[in-house]
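**Student:** Dropping the structure in here first, questions after.
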Amino acid sequence: MKATQCYHCGDSCTNTIIHFDDKKFCCNGCKTVYEIFSENDLTCYYNFQDNPGAIPNEIQGKYDFLDNNEIVEKLLEFSDGDSQVITLYIPHIHCSSCIWVLENLHKLNKNIASSQVDFPKKTVRITYNATKTSLKEVVLLSSSIGYEPYISLDDYTSGKKKVDRSLLYKLGIAGFAFGNVMFLSFPEYFEVSEFWLEEYKNVFRGLMFVFSLPVVFYASNTYFISAFKGLRSKILNIDVPIALGILVLFVRSTIEIVFDLGTGFFDSLTGLVFFLLLGKFFQQKTYNFLSFERDYKSYFPIAVTRISANKEENVQIYEVKKGDRLLIRNQELIPVDGILINGNAQIDYSFVTGEAAPISKKSGDKLFAGGKQLSGVIEMEVLATVSQSYLTQLWSNDVFKTEGRSQFKTITDTISKNFTIAVLSIAFLATTFWLFVDVHIAINVFTAVLIIACPCAIALAAPFTLGNMLRIFGRNKFYLKNATVVEQLAKIDTLIFDKTGTLTTNKENNITYNGSAFSASEKILIKSSLRASNHPLSRTLYETFTEVTPVEITNFKEFIGKGIEVSYNKNTLRLGAASFVKNTLEENTLDTAVHVSFNSIYKGKFTFKNSYRNGVKTLFNTLKENYELAVVSGDNQGEKEYLQQSLPKDTTLLFNQKPADKLEVVATLQKQAKKVAMIGDGLNDAGALAQSEVGIALSENINVFSPACDAILDASKFVHIDTFLKASKKAIQIIKYSFILSLCYNIVGLYFAVTGQLMPVIAAILMPLSSISIVVFTTVATNFLGRKLHK
């Protein structure tokens, strides 16, 4: 009789069959999961594939330890106010339906705000309302629908991730089997008739078959699983030809020994898997090294203000230690966990949770890394040193990915698919030909073609090249969010620059004041207000009040693109544009100025003579050959004439542009099929940075760390933008050269394979060698390119 399959998990209903909604289930757990999906209109889960679910295990009382708040605090990634964030490792994640249901948890529990799956790491990052649900309820929900998380308190307390040694085990088993099978094949190789007696022949062949079993069903299972998932999703991935080759070798060899037709190809089979895994092991070790250098040595070039002995100093974030006191200005990111000492804290944790509602904090409250201060200046004491990997994780948060960027297709997206189709076609055509000539050679030809033409070398070219470029750029103080940004940079044809804080530097500006004199209390209030702002003009003006001691400001408001309003001791100060301070239209002046008023009485203005960065003129003249250039500024046209004389004639100059206007400029160019990079200071340019194909935030000794940008460039490297753009284009050229090199390997190898001159075991040795040569080529080429960047 045909066994009845469970509608949810696909297992056979051997003991009991539970009927519900005209469907059959193997247990109440599977039926419950189906009921949950039905009640929440999520039954389209089953449209992704047949029987996609997992059998829910017995979880009654299993997670009672999550009622302990101390344990929960150690597990949580973020906890503040109403929101908590947890990243759970879920081993059962294996396909698109898993991703779909886990990213729709908010439909199963309304108190879950969002859930994002990281498929390669098999993790899901869940944000939920801690006042209405608990971590235990979230875990129980996930478990009840077949996605039970793996929670190890030891991993969290030690801060170490569980090391996956499965590849090492598989490599050891394949190597052991390969050595023994080769040894057992010696009598066949040397035709030792005195030893190779009929009574021992079957024993040796049987032993070779036994040694091959763990190689096929354990050591090479990842290739079969990957190929099966790809085919089920109607995708021909690079593991299809490998899995097919292994399967053909095993089936043919088994048939030969069962029917006493020959000794089979167990030596080729075990050798093939061993050398495949050896190549993968080499790849993993090399790429892990690149990732290590990226994660822990490429520190972001942002600084934070540390207070010591009533002195303020800017230090790199990785120099911050436990117990230090930090000054966090308006719109600055909190880089570490700490305790609020004083100030009016309004913290925006959208960087962490995706929710933009600010949270009020009072003195003594805990502040979490990743929050952004929205209301003036605060002081905090550091509880832990900076976790750069955590900042990297926040920066790469999918919350901040725009639809256009997420649809970007990498250089290897279509090549692997087309390559696999070509390889399979050649293999079947060549095999068909040899079947009419020599059946014994046909099986060798089929297997050798599949192995020698493995697209692993093509698949390795991009990740190794781009991974190494991330490391090289980082060493040169140009920090990219991920490897895809390198490819996006190479496609850029239009560059838009902000002016203030980007083309200009606040370190050499000349400032003059025109207006009535300030009293001592007014100077204190001005400096205290400027102290809380991160705008380049505010920072520059703040440095001029050297003899004034600031006071704590609690009522602070900064209007982006307009100015600052502060209330203190019944006095109201306004600093900023003329229209904001004087409530009138802008004056017909061409100067960059900050106007001042106290209690609605106009006092005067500070006029800035901008100092442009060294090399701006040379940079623009270099860029004009290959890019369309534009300067989009929120300032007035005071320096339009100077810029027209200094910059190339074709440079577009736009002034009086509000943040929304800058975004619209980028969007308009994109409608004209332009690939736009926006370079700004990250303050008033967040919208334009997010809209552009590549947003580059310039950092000059300030803690501006915007999730909207794709790259952070140290201000000292500003004039090298052209070099970085050229390097990204050359990186893509290196990848293309790697493709050509790999293609040459494949053409030569295919010739010998198709003509029956190449044994599968030799193909298995040559295949990882070709992959290793590609890795060596890309590494040497990118390192050579990196040395040019240092010059």
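Simple scheme: letters A, B, ... for chains in structure tokens order, numbers from 1 for residues in each chain, numbers from 1 for ligands in the order shown.
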When you look at Val748 (chain A) with a cut-off of 12 Å (counting only C-alpha atoms), what residues show up, excluding the ones that are within fewer than 2 positions of it in the same chain? I need them as a ChimeraX atom specification.
**Tutor:** /A:449,452-453,741-746,750-755,757-758,763,766,770
**Student:** Name all residues at most 7 Å from region 256-273 of chain A (count only C-alpha atoms; drop same-chain ones fewer than 2 positions away) and give them as a ChimeraX atom specification.
**Tutor:** /A:174,177-178,181-182,205,208,212,215,220,246,249-250,252-254,275-277,760-761,764
**Student:** Record the distance separating CA of Asn344 (chain A) and CA of Gln373 (chain A), expressed in Å with one decimal.
**Tutor:** 9.2 Å
**Student:** Just list the residues in region 84-143 of chain A DSSP gives helix (DSSP H, G or I) on the backbone, as a PyMOL selection string.
**Tutor:** chain A and resi 96-102+105-108+135-143
